[in-house]
Each structure stands twice: as structure tokens, then as C-alpha cells.
$ cat work26.cif   # mmCIF, C-alpha atoms
data_query
loop_
_atom_site.label_atom_id
_atom_site.label_comp_id
_atom_site.auth_asym_id
_atom_site.auth_seq_id
_atom_site.Cartn_x
_atom_site.Cartn_y
_atom_site.Cartn_z
CA MET A 1 0.00 0.00 0.00
CA ILE A 2 2.77 2.45 0.93
CA GLU A 3 4.74 1.59 -2.22
CA THR A 4 1.67 2.28 -4.36
CA LYS A 5 1.14 5.68 -2.72
CA GLU A 6 4.81 6.55 -3.19
CA MET A 7 4.60 5.56 -6.83
CA ASP A 8 1.51 7.75 -7.26
CA VAL A 9 3.36 10.71 -5.75
CA ASN A 10 6.26 10.17 -8.13
CA LEU A 11 3.91 9.98 -11.09
CA LEU A 12 2.13 13.16 -10.06
CA GLU A 13 5.41 14.98 -9.58
CA ALA A 14 6.67 13.78 -12.95
CA ALA A 15 3.45 14.98 -14.59
CA PHE A 16 3.80 18.37 -12.90
CA TYR A 17 7.33 18.86 -14.22
CA ASN A 18 6.50 17.56 -17.69
CA GLY A 19 6.14 20.71 -19.75
CA GLU A 20 6.07 24.37 -18.81
CA GLN A 21 4.02 25.51 -15.84
CA LYS A 22 2.36 28.92 -15.69
CA PHE A 23 1.59 30.28 -12.22
CA SER A 24 -1.04 32.81 -11.27
CA TYR A 25 -0.57 35.33 -8.47
CA SER A 26 -2.33 33.01 -6.01
CA GLY A 27 -0.17 30.04 -6.98
CA LEU A 28 3.08 31.98 -6.89
CA ASN A 29 2.15 33.61 -3.59
CA LYS A 30 1.44 30.19 -2.09
CA LEU A 31 4.76 28.84 -3.39
CA LEU A 32 6.59 31.70 -1.66
CA SER A 33 4.67 31.74 1.64
CA ALA A 34 3.73 28.06 2.14
CA PRO A 35 5.69 25.78 -0.21
CA SER A 36 4.41 22.59 1.43
CA VAL A 37 0.81 23.65 0.79
CA PHE A 38 1.74 24.59 -2.78
CA TYR A 39 3.20 21.10 -3.28
CA LYS A 40 0.06 19.46 -1.93
CA GLU A 41 -2.34 21.54 -4.01
CA TYR A 42 -0.45 22.07 -7.27
CA VAL A 43 1.80 19.02 -7.52
CA LEU A 44 -0.29 16.36 -5.80
CA LYS A 45 -3.57 17.93 -6.98
CA GLU A 46 -5.05 17.83 -3.48
CA ARG A 47 -6.51 21.30 -3.73
CA GLU A 48 -9.00 22.80 -1.34
CA ASP A 49 -12.13 24.42 -2.73
CA GLU A 50 -11.22 28.09 -2.51
CA SER A 51 -14.73 29.41 -2.00
CA LYS A 52 -13.87 31.91 0.74
CA LYS A 53 -15.94 35.03 0.26
CA TYR A 54 -13.04 37.47 0.35
CA LEU A 55 -11.42 35.62 -2.55
CA ILE A 56 -14.41 35.91 -4.89
CA GLU A 57 -16.26 39.06 -3.83
CA GLY A 58 -14.12 41.45 -5.91
CA THR A 59 -14.57 39.31 -9.02
CA LEU A 60 -18.31 38.97 -8.36
CA ILE A 61 -18.71 42.75 -8.06
CA HIS A 62 -16.95 43.23 -11.37
CA TYR A 63 -19.20 40.76 -13.18
CA LEU A 64 -22.23 42.58 -11.76
CA ILE A 65 -20.81 45.92 -12.92
CA LEU A 66 -20.68 44.38 -16.39
CA ASP A 67 -24.45 43.83 -16.09
CA HIS A 68 -24.13 40.07 -15.55
CA GLN A 69 -22.03 39.57 -18.68
CA GLY A 70 -20.70 36.02 -18.28
CA PHE A 71 -22.18 35.80 -14.77
CA ASP A 72 -24.02 32.51 -15.31
CA ASP A 73 -20.86 30.87 -16.67
CA LYS A 74 -18.87 31.87 -13.61
CA PHE A 75 -21.25 31.72 -10.63
CA LEU A 76 -24.05 29.55 -9.29
CA VAL A 77 -26.33 30.85 -6.54
CA ALA A 78 -27.03 28.27 -3.86
CA THR A 79 -30.53 27.69 -2.61
CA ASP A 80 -31.28 28.97 0.88
CA ALA A 81 -33.29 25.80 1.66
CA LEU A 82 -30.28 23.62 2.38
CA PRO A 83 -30.48 20.17 4.01
CA SER A 84 -28.88 19.37 7.36
CA GLU A 85 -25.09 19.34 7.74
CA ASN A 86 -24.98 15.52 7.81
CA ASN A 87 -27.13 15.28 4.70
CA ILE A 88 -24.95 17.79 2.88
CA SER A 89 -21.87 15.76 3.76
CA ILE A 90 -23.40 12.52 2.48
CA ALA A 91 -24.70 14.23 -0.68
CA GLU A 92 -21.18 15.49 -1.41
CA GLU A 93 -19.75 12.03 -0.76
CA MET A 94 -22.26 10.52 -3.20
CA PHE A 95 -21.48 13.24 -5.73
CA GLU A 96 -17.80 12.24 -5.72
CA LEU A 97 -18.93 8.66 -6.39
CA TYR A 98 -21.23 9.96 -9.13
CA LYS A 99 -18.31 11.73 -10.84
CA ARG A 100 -16.25 8.53 -10.83
CA LYS A 101 -19.13 6.59 -12.34
CA VAL A 102 -19.54 9.17 -15.09
CA GLU A 103 -15.84 8.94 -15.87
CA GLU A 104 -16.23 5.17 -16.20
CA ASP A 105 -19.33 5.48 -18.38
CA PRO A 106 -20.81 8.82 -19.61
CA LEU A 107 -24.27 7.22 -19.65
CA ASN A 108 -24.16 7.38 -15.83
CA GLU A 109 -24.64 11.16 -15.95
CA ASN A 110 -28.40 10.60 -15.54
CA LEU A 111 -27.96 8.96 -12.14
CA GLU A 112 -29.82 10.70 -9.31
CA PHE A 113 -29.23 10.77 -5.58
CA SER A 114 -31.76 7.99 -4.91
CA ASP A 115 -29.79 5.66 -7.20
CA PHE A 116 -27.07 5.50 -4.53
CA ARG A 117 -29.30 3.93 -1.88
CA GLU A 118 -26.90 1.11 -0.93
CA GLU A 119 -23.91 3.46 -0.79
CA ILE A 120 -25.92 5.88 1.35
CA LEU A 121 -26.83 3.10 3.80
CA ALA A 122 -23.15 2.08 3.98
CA SER A 123 -22.17 5.69 4.66
CA LEU A 124 -24.75 5.96 7.43
CA LEU A 125 -23.34 2.81 9.03
CA GLN A 126 -19.80 4.14 8.84
CA ARG A 127 -20.86 7.46 10.35
CA ASP A 128 -23.06 5.74 12.96
CA LEU A 129 -26.09 7.79 11.90
CA TRP A 130 -29.72 6.69 12.26
CA GLN A 131 -28.66 3.17 13.26
CA ALA A 132 -31.47 3.03 15.82
CA VAL A 133 -33.88 2.93 12.87
CA LYS A 134 -33.89 -0.77 12.03
CA ASP A 135 -35.97 -0.56 8.86
CA GLU A 136 -33.52 0.13 6.01
CA ASP A 137 -36.14 1.91 3.90
CA LYS A 138 -36.99 4.28 6.75
CA ARG A 139 -33.29 4.82 7.50
CA ALA A 140 -32.54 5.63 3.84
CA ALA A 141 -35.54 7.97 3.76
CA LYS A 142 -33.89 10.13 6.43
CA ILE A 143 -31.28 11.04 3.79
CA ILE A 144 -33.06 10.52 0.49
CA GLU A 145 -35.48 13.41 1.01
CA PRO A 146 -36.40 16.44 -1.16
CA LYS A 147 -33.87 18.97 0.19
CA THR A 148 -30.93 16.58 -0.09
CA GLU A 149 -32.01 15.39 -3.53
CA GLU A 150 -32.23 19.01 -4.66
CA TYR A 151 -28.76 19.71 -3.23
CA PHE A 152 -27.36 16.74 -5.17
CA LYS A 153 -28.89 18.15 -8.38
CA PHE A 154 -27.32 21.48 -7.48
CA LEU A 155 -23.88 19.85 -7.25
CA LYS A 156 -24.42 18.30 -10.69
CA LYS A 157 -25.26 21.71 -12.16
CA ARG A 158 -22.21 23.36 -10.65
CA GLN A 159 -19.81 22.33 -13.47
CA GLY A 160 -16.80 24.26 -12.22
CA ARG A 161 -18.75 27.41 -11.34
CA THR A 162 -18.15 29.23 -8.06
CA ILE A 163 -20.94 28.71 -5.54
CA ILE A 164 -22.24 31.87 -3.88
CA ASP A 165 -25.12 32.45 -1.51
CA SER A 166 -27.91 34.98 -1.83
CA ALA A 167 -26.45 37.17 0.94
CA LEU A 168 -23.15 37.58 -0.91
CA LEU A 169 -25.02 38.23 -4.16
CA GLU A 170 -27.14 40.92 -2.50
CA LYS A 171 -24.10 42.59 -0.92
CA SER A 172 -22.11 42.50 -4.17
CA THR A 173 -25.06 43.81 -6.19
CA ARG A 174 -25.33 46.77 -3.82
CA ARG A 175 -21.63 47.51 -4.22
CA ALA A 176 -21.77 47.14 -8.00
CA ASP A 177 -24.55 49.75 -8.04
CA ILE A 178 -22.33 52.09 -6.01
CA VAL A 179 -19.65 51.79 -8.68
CA LYS A 180 -22.13 52.36 -11.51
CA GLU A 181 -23.44 55.51 -9.85
CA ASN A 182 -19.98 57.00 -9.30
CA PRO A 183 -18.95 59.27 -12.26
CA GLN A 184 -15.25 59.18 -11.39
CA MET A 185 -15.27 55.40 -11.17
CA ARG A 186 -17.16 55.04 -14.44
CA ASN A 187 -14.53 57.22 -16.10
CA LEU A 188 -11.64 55.25 -14.59
CA LEU A 189 -13.08 51.91 -15.77
CA GLY A 190 -14.04 53.25 -19.19
CA MET A 191 -17.65 52.25 -18.59
CA ASP A 192 -19.07 54.93 -20.89
CA LEU A 193 -16.47 54.52 -23.62
CA THR A 194 -16.60 52.27 -26.66
CA THR A 195 -13.68 50.27 -27.96
CA ASP A 196 -12.88 51.22 -31.53
CA GLY A 197 -9.94 48.85 -32.03
CA VAL A 198 -7.68 51.73 -33.06
CA HIS A 199 -7.55 54.54 -30.53
CA LEU A 200 -9.14 52.89 -27.51
CA GLY A 201 -9.29 49.41 -26.05
CA ILE A 202 -11.31 48.38 -22.99
CA TYR A 203 -10.82 44.87 -21.66
CA ASN A 204 -12.77 43.20 -18.85
CA GLU A 205 -11.99 39.84 -17.24
CA LEU A 206 -9.06 39.47 -19.63
CA ALA A 207 -7.31 36.09 -19.25
CA LEU A 208 -3.61 36.37 -20.14
CA GLU A 209 -0.59 34.07 -20.17
CA MET A 210 3.09 34.52 -20.90
CA GLU A 211 5.94 32.10 -21.46
CA LYS A 212 8.79 31.86 -18.98
CA GLU A 213 11.32 34.67 -19.00
CA GLU A 214 15.06 34.07 -19.22
CA GLY A 215 16.36 32.46 -16.05
CA VAL A 216 12.87 31.67 -14.72
CA PRO A 217 11.64 28.04 -14.97
CA PHE A 218 7.92 28.85 -15.20
CA GLY A 219 5.57 31.28 -16.94
CA LEU A 220 2.83 33.50 -15.58
CA LYS A 221 -0.92 33.77 -15.99
CA GLY A 222 -3.77 35.82 -14.62
CA ILE A 223 -7.16 37.41 -15.22
CA LEU A 224 -7.21 41.21 -15.29
CA ASP A 225 -10.45 42.72 -13.95
CA ASN A 226 -10.25 45.81 -16.11
CA MET A 227 -7.73 47.39 -18.48
CA VAL A 228 -8.13 50.59 -20.49
CA VAL A 229 -5.67 51.18 -23.35
CA ASP A 230 -5.57 54.79 -24.53
CA VAL A 231 -3.55 54.90 -27.78
CA ARG A 232 -3.68 58.69 -28.20
CA ASP A 233 -2.23 59.33 -24.74
CA LYS A 234 0.02 56.23 -24.86
CA LYS A 235 -1.41 55.11 -21.53
CA ILE A 236 -2.45 51.76 -20.06
CA ILE A 237 -4.64 51.72 -16.95
CA ILE A 238 -5.03 48.45 -15.05
CA ASN A 239 -7.74 48.31 -12.36
CA ASP A 240 -8.03 45.46 -9.88
CA PHE A 241 -11.04 45.08 -7.57
CA LYS A 242 -10.48 44.27 -3.91
CA THR A 243 -12.72 44.02 -0.85
CA THR A 244 -11.55 44.25 2.73
CA SER A 245 -13.10 43.60 6.12
CA LYS A 246 -11.14 46.60 7.44
CA THR A 247 -11.25 50.33 6.68
CA LEU A 248 -9.78 52.10 3.67
CA LYS A 249 -7.07 53.56 5.93
CA GLU A 250 -5.86 50.04 6.69
CA PHE A 251 -5.69 48.80 3.09
CA SER A 252 -1.95 49.44 2.79
CA GLU A 253 -1.49 46.76 5.48
CA SER A 254 -3.43 44.30 3.32
CA VAL A 255 -1.16 45.04 0.35
CA GLU A 256 1.74 43.69 2.39
CA LYS A 257 -0.12 40.99 4.30
CA TRP A 258 -1.57 39.37 1.15
CA ASN A 259 1.29 40.38 -1.18
CA TYR A 260 -1.05 42.32 -3.46
CA TRP A 261 2.03 44.17 -4.69
CA LEU A 262 3.13 40.89 -6.30
CA GLN A 263 -0.20 40.63 -8.10
CA ALA A 264 0.21 44.18 -9.44
CA ILE A 265 3.61 43.41 -10.96
CA ILE A 266 2.39 40.12 -12.46
CA TYR A 267 -0.57 41.91 -14.08
CA ILE A 268 1.67 44.64 -15.47
CA LYS A 269 4.01 42.02 -16.94
CA LEU A 270 1.09 40.15 -18.51
CA ALA A 271 -0.40 43.34 -19.95
CA THR A 272 2.95 44.49 -21.33
CA LYS A 273 3.49 41.13 -23.02
CA PHE A 274 -0.05 41.16 -24.41
CA LEU A 275 0.47 44.60 -25.96
CA GLU A 276 4.17 44.34 -26.82
CA SER A 277 3.66 44.63 -30.57
CA HIS A 278 1.67 47.87 -30.14
CA ILE A 279 3.58 49.79 -27.46
CA ASP A 280 7.11 50.97 -26.75
CA ASN A 281 9.00 52.48 -23.81
CA THR A 282 7.33 55.87 -24.30
CA TRP A 283 4.06 54.43 -22.99
CA ARG A 284 3.16 54.68 -19.31
CA ILE A 285 1.31 52.12 -17.22
CA GLU A 286 -0.93 53.09 -14.32
CA PHE A 287 -2.21 50.60 -11.73
CA ASN A 288 -5.13 51.08 -9.33
CA PHE A 289 -6.59 48.92 -6.58
CA VAL A 290 -10.35 49.62 -6.57
CA VAL A 291 -11.32 48.88 -2.97
CA PHE A 292 -14.53 48.50 -0.98
CA ASP A 293 -14.04 48.59 2.77
CA LYS A 294 -16.28 47.22 5.52
CA TYR A 295 -18.42 50.37 5.45
CA ASP A 296 -19.01 50.14 1.68
CA GLN A 297 -16.66 53.07 1.19
CA LEU A 298 -15.17 52.96 -2.31
CA TYR A 299 -11.77 54.29 -3.33
CA ALA A 300 -9.34 53.69 -6.18
CA PHE A 301 -5.81 53.52 -4.74
CA PRO A 302 -3.36 54.70 -7.45
CA VAL A 303 0.10 53.14 -7.24
CA THR A 304 2.85 55.64 -8.01
CA SER A 305 5.56 54.89 -10.56
CA GLU A 306 8.12 55.08 -7.77
CA THR A 307 6.28 52.42 -5.78
CA LEU A 308 5.93 50.22 -8.86
CA SER A 309 9.71 50.44 -9.38
CA VAL A 310 10.29 49.28 -5.79
CA TRP A 311 7.77 46.45 -6.24
CA LEU A 312 9.49 45.35 -9.45
CA GLU A 313 12.80 45.05 -7.57
CA ARG A 314 11.04 42.97 -4.91
CA TYR A 315 9.49 40.82 -7.61
CA ASN A 316 12.89 40.13 -9.18
CA GLU A 317 14.16 39.00 -5.78
CA VAL A 318 11.25 36.76 -4.78
CA ILE A 319 11.10 35.19 -8.22
CA LYS A 320 14.59 33.85 -7.48
CA HIS A 321 13.23 32.24 -4.34
CA ALA A 322 10.30 30.71 -6.22
CA SER A 323 12.69 29.42 -8.88
CA TYR A 324 14.77 27.75 -6.17
CA HIS A 325 11.76 25.85 -4.84
CA TYR A 326 10.76 24.77 -8.34
CA ASN A 327 14.22 23.76 -9.56
CA ALA A 328 15.39 22.07 -6.35
CA LYS A 329 11.98 20.47 -5.75
CA ASP A 330 12.33 21.69 -2.21
CA TYR A 331 8.91 22.51 -0.78
CA THR A 332 9.74 22.11 2.90
CA LEU A 333 9.81 25.73 4.11
CA PRO A 334 9.81 29.26 2.65
CA TYR A 335 13.18 30.15 1.11
CA ASP A 336 14.41 32.47 3.88
CA PHE A 337 13.83 29.73 6.46
CA ILE A 338 15.63 27.14 4.34
CA VAL A 339 18.77 29.31 4.06
CA GLY A 340 18.58 30.45 7.71
CA ASN A 341 17.92 34.14 7.07
CA VAL A 342 15.20 34.35 9.72
CA LYS A 343 16.46 35.22 13.20
CA LEU A 344 14.76 36.59 16.29
#
$ encode --input "work26.cif" --output "C-alpha cells"
Amino acid sequence: MIETKEMDVNLLEAAFYNGEQKFSYSGLNKLLSAPSVFYKEYVLKEREDESKKYLIEGTLIHYLILDHQGFDDKFLVATDALPSENNISIAEEMFELYKRKVEEDPLNENLEFSDFREEILASLLQRDLWQAVKDEDKRAAKIIEPKTEEYFKFLKKRQGRTIIDSALLEKSTRRADIVKENPQMRNLLGMDLTTDGVHLGIYNELALEMEKEEGVPFGLKGILDNMVVDVRDKKIIINDFKTTSKTLKEFSESVEKWNYWLQAIIYIKLATKFLESHIDNTWRIEFNFVVFDKYDQLYAFPVTSETLSVWLERYNEVIKHASYHYNAKDYTLPYDFIVGNVKL
């Protein structure tokens, strides 16, 4: 058993290193701050479902600002009539079984929750649930009931979309309306402008990738919330939406805590590569964090060119650390701990 697991790990690692990898901000940040977690999630493919509200709220607001353009492809609103916690857990367990059965035979995609009666009874036994009910049909009926069946159908409909609840949707809709009603914000995002393909380009939810740079063993990727390209003024404006549970005055702390500065440099690199055949060094790039705080206060934090220069130097340094982890296949500790730079 142990030998089989070890072999699986080796195969997964070999697959990871076979071909060029492209890391997003979140992946690169995880590699730098928690290499062991990066290894588990990106190499071994044991990734957690990153459905934390603070990770998706900014993106959700932006889709709502775009008047739901692409919303249904990205998000799925969960029903408020959810089953009990135990029933949810069993429904999710059966859904994993359902996915395996569909992989084995696509005709199994029509299977419903009630088709897993024997597996549900086995799960109840393992969890020691409802064992006082001796009649198997009555015991199964405790789980195979309308709310749980509906939740199972909901899982089938998910298809890679991010699950949100009605409360988050309501909150994000309110904030999207605040943006739409703000003239300065509309101007910054180019909401009232029209792309003509010659003098002006407005890009929303723009997915970009770039090959590895010299001396770096991996490429980069990311999705830019909003980018306005003004050809006449030779100016590129990149806007990234953020939400915070703190006040606007405390956002600078979040930039450091969550390494948002790294995200800014990655997005600038991606945008520059995307536009390289159309721009030269006479162009200027502006970057803004568009932030909602806990009081629904909205502000676009401009990043100065001086700050961007400092962040670029930091990027060049940390990319060396990330390259070490990747090349040495050393995912034990963050780089500074490995080389003993951290002292009290």
C-alpha cells in the first residue's frame, strides 16, 4: 500500500514537471509563503475548494458591474433551503462517487441521488447515523429526502462554477450599483467609452498568459479585472477590484499581508506582453486597486511609478526564491527559512 502511494506521488510529480508551468498570483504567492501547501495543491492535486468570500467578492462585483455579462458561466447561486449538515456531507460524498461513475461510463450522468441507496446506507453505518432505525427503507428515507435530492442536483449543475449564496449576491449587487453611480469610477473603468480597435481598447476579465522569462523556470498567468488602453495618450490603466473587512485607511497593510504588490507586478508584466507589438518604452502604465471597505466606502488607490519600481525590484528578488523551490523540488519551508535568514 505504501509503495503504491509513493509511486503515485512520483507519477504526479513527474506529470507536474512535464512541460512548462504557468503560475497565477495566487499560486506563486502560495509557493513563496507556504511551499508545502503549494506542493500538496499544485503538484499532488489535493486542492481545497477556494470558495472563501473574500477571494471571490471582488470578481463577483466586477461581473455585476458588467451587467451580468458572463455571470451565469462563472457563478451559481445556492438555494437557501439547504439540508442538514450531515445530509450535505453525504450528498457530497455521493457526488464524488457519481463523478467517478460518469468517468467510467458517460451514460451514468443521468444517475440521481436515490440511485445511490446502498452506498448511502453504507455511509450511514460508517458514520453511525440513524442506526437506531432498524428498517432500512426508513433509514434511507432520512437522507433521500427532497432537500438533499435538490442539493445533489445542485452539485451536478455546478460544473466548475463558483458557488455563492444569496447574501453575498445581495451585498455585491449593492456595491456594484455604487460603482455604476460613481462618475469618477465610471470614467476610470471606461464604462461609458466604446472600444474602436484603433484609438481605444477596454478589456474586462481578460485572461492572459506569458511564457517563462530568461532564467525563470515557469511562466505567468492571470485574469485582469479591467484594463483601459488609450492609444492617443500612450497610456495603459489596469484596475483590480479588492474588498476588505477593514477600513480604507488600513488597506496598505493588506497590500503587504496578502502580497497584493506581487499581483500588481504580475498583471503589469502580462499586460505588457499582451500589448508588446503595439507599445514601446514611451508608454506609461498606471495601476489602481479599486477597494470597498467594511463600510461600503469605495476608493481607487493609485500606485505611483516610484512604488511600482520598488515592487518590481522585490518581484525580481522573490522570483529567485520561487525558482529555487521549483528547480530544487524543495517545498519544505519558505526560502528564507531554508537558508537560515530568519532570526529573532
$ resolve_selection --input "work26.cif" --expression "the PyMOL selection byres ((chain A and resi 122) around 12)" --output "PyMOL selection string"
chain A and resi 90+93-94+116-121+123-131+136+139-140
$ write_last_selection --input "work26.cif" --atoms "C-alpha atoms" --output "mmCIF file, in the coordinates of the input"
data_model
loop_
_atom_site.group_PDB
_atom_site.id
_atom_site.type_symbol
_atom_site.label_atom_id
_atom_site.label_comp_id
_atom_site.auth_asym_id
_atom_site.auth_seq_id
_atom_site.Cartn_x
_atom_site.Cartn_y
_atom_site.Cartn_z
ATOM 1 C CA ILE A 90 -23.400 12.520 2.480
ATOM 2 C CA GLU A 93 -19.750 12.030 -0.760
ATOM 3 C CA MET A 94 -22.260 10.520 -3.200
ATOM 4 C CA PHE A 116 -27.070 5.500 -4.530
ATOM 5 C CA ARG A 117 -29.300 3.930 -1.880
ATOM 6 C CA GLU A 118 -26.900 1.110 -0.930
ATOM 7 C CA GLU A 119 -23.910 3.460 -0.790
ATOM 8 C CA ILE A 120 -25.920 5.880 1.350
ATOM 9 C CA LEU A 121 -26.830 3.100 3.800
ATOM 10 C CA SER A 123 -22.170 5.690 4.660
ATOM 11 C CA LEU A 124 -24.750 5.960 7.430
ATOM 12 C CA LEU A 125 -23.340 2.810 9.030
ATOM 13 C CA GLN A 126 -19.800 4.140 8.840
ATOM 14 C CA ARG A 127 -20.860 7.460 10.350
ATOM 15 C CA ASP A 128 -23.060 5.740 12.960
ATOM 16 C CA LEU A 129 -26.090 7.790 11.900
ATOM 17 C CA TRP A 130 -29.720 6.690 12.260
ATOM 18 C CA GLN A 131 -28.660 3.170 13.260
ATOM 19 C CA GLU A 136 -33.520 0.130 6.010
ATOM 20 C CA ARG A 139 -33.290 4.820 7.500
ATOM 21 C CA ALA A 140 -32.540 5.630 3.840
#
$ resolve_selection --input "work26.cif" --expression "the PyMOL selection byres ((chain A and resi 261) around 12)" --output "ChimeraX atom specification"
/A:25,29,240,251-260,262-268,287-289,303-304,307-315,318
$ resolve_selection --input "work26.cif" --expression "the PyMOL selection byres ((chain A and resi 176) around 9)" --output "PyMOL selection string"
chain A and resi 60-66+171-175+177-181
$ residues_around --input "work26.cif" --residues "Leu76 of chain A" --least-positions-apart "4" --cutoff "7 Å" --atoms "all atoms listed in the file" --output "count of residues only"
6
$ closest_residue --input "work26.cif" --among "A:His278, A:Lys22, A:Arg284, A:Arg47" --to "Ile238 of chain A" --atoms "only C-alpha atoms"
A:Arg284
$ closest_atom_pairs --input "work26.cif" --of "segment 237-324 of chain A" --to "segment 56-59 of chain A" --cutoff "7 Å" --atoms "all atoms listed in the file" --output "tab-separated table"
residue	atom	partner	partner_atom	distance
A:Phe241	CA	A:Gly58	CA	5.0
A:Lys242	CA	A:Gly58	CA	5.0
A:Thr243	CA	A:Gly58	CA	5.8
$ closest_residue --input "work26.cif" --among "A:Tyr39, A:Ser89, A:Ser114, A:Tyr324" --to "Ile338 of chain A" --atoms "only C-alpha atoms"
A:Tyr324
$ closest_atom_pairs --input "work26.cif" --of "segment 209-238 of chain A" --to "segment 184-193 of chain A" --cutoff "9 Å" --atoms "all atoms listed in the file" --output "JSON lines"
{"residue": "A:Asn226", "atom": "CA", "partner": "A:Leu189", "partner_atom": "CA", "distance": 6.7}
{"residue": "A:Met227", "atom": "CA", "partner": "A:Leu189", "partner_atom": "CA", "distance": 7.5}
{"residue": "A:Val228", "atom": "CA", "partner": "A:Gly190", "partner_atom": "CA", "distance": 6.6}
{"residue": "A:Ile237", "atom": "CA", "partner": "A:Leu188", "partner_atom": "CA", "distance": 8.2}
{"residue": "A:Ile238", "atom": "CA", "partner": "A:Leu189", "partner_atom": "CA", "distance": 8.8}
$ atom_distance --input "work26.cif" --atom1 "atom CA of Ser84 of chain A" --atom2 "atom CA of Phe152 of chain A"
12.9 Å
$ closest_residue --input "work26.cif" --among "A:Ser36, A:Lys221, A:Ala15, A:Ser26" --to "Pro334 of chain A" --atoms "all atoms listed in the file"
A:Ser36
$ closest_residue --input "work26.cif" --among "A:Tyr299, A:Phe274, A:Tyr203, A:Phe218" --to "Lys320 of chain A" --atoms "only C-alpha atoms"
A:Phe218
$ atom_distance --input "work26.cif" --atom1 "atom CA of Asp225 of chain A" --atom2 "atom CA of Val290 of chain A"
10.1 Å
$ atom_distance --input "work26.cif" --atom1 "atom CA of Asp296 of chain A" --atom2 "atom CA of Gly222 of chain A"
26.5 Å
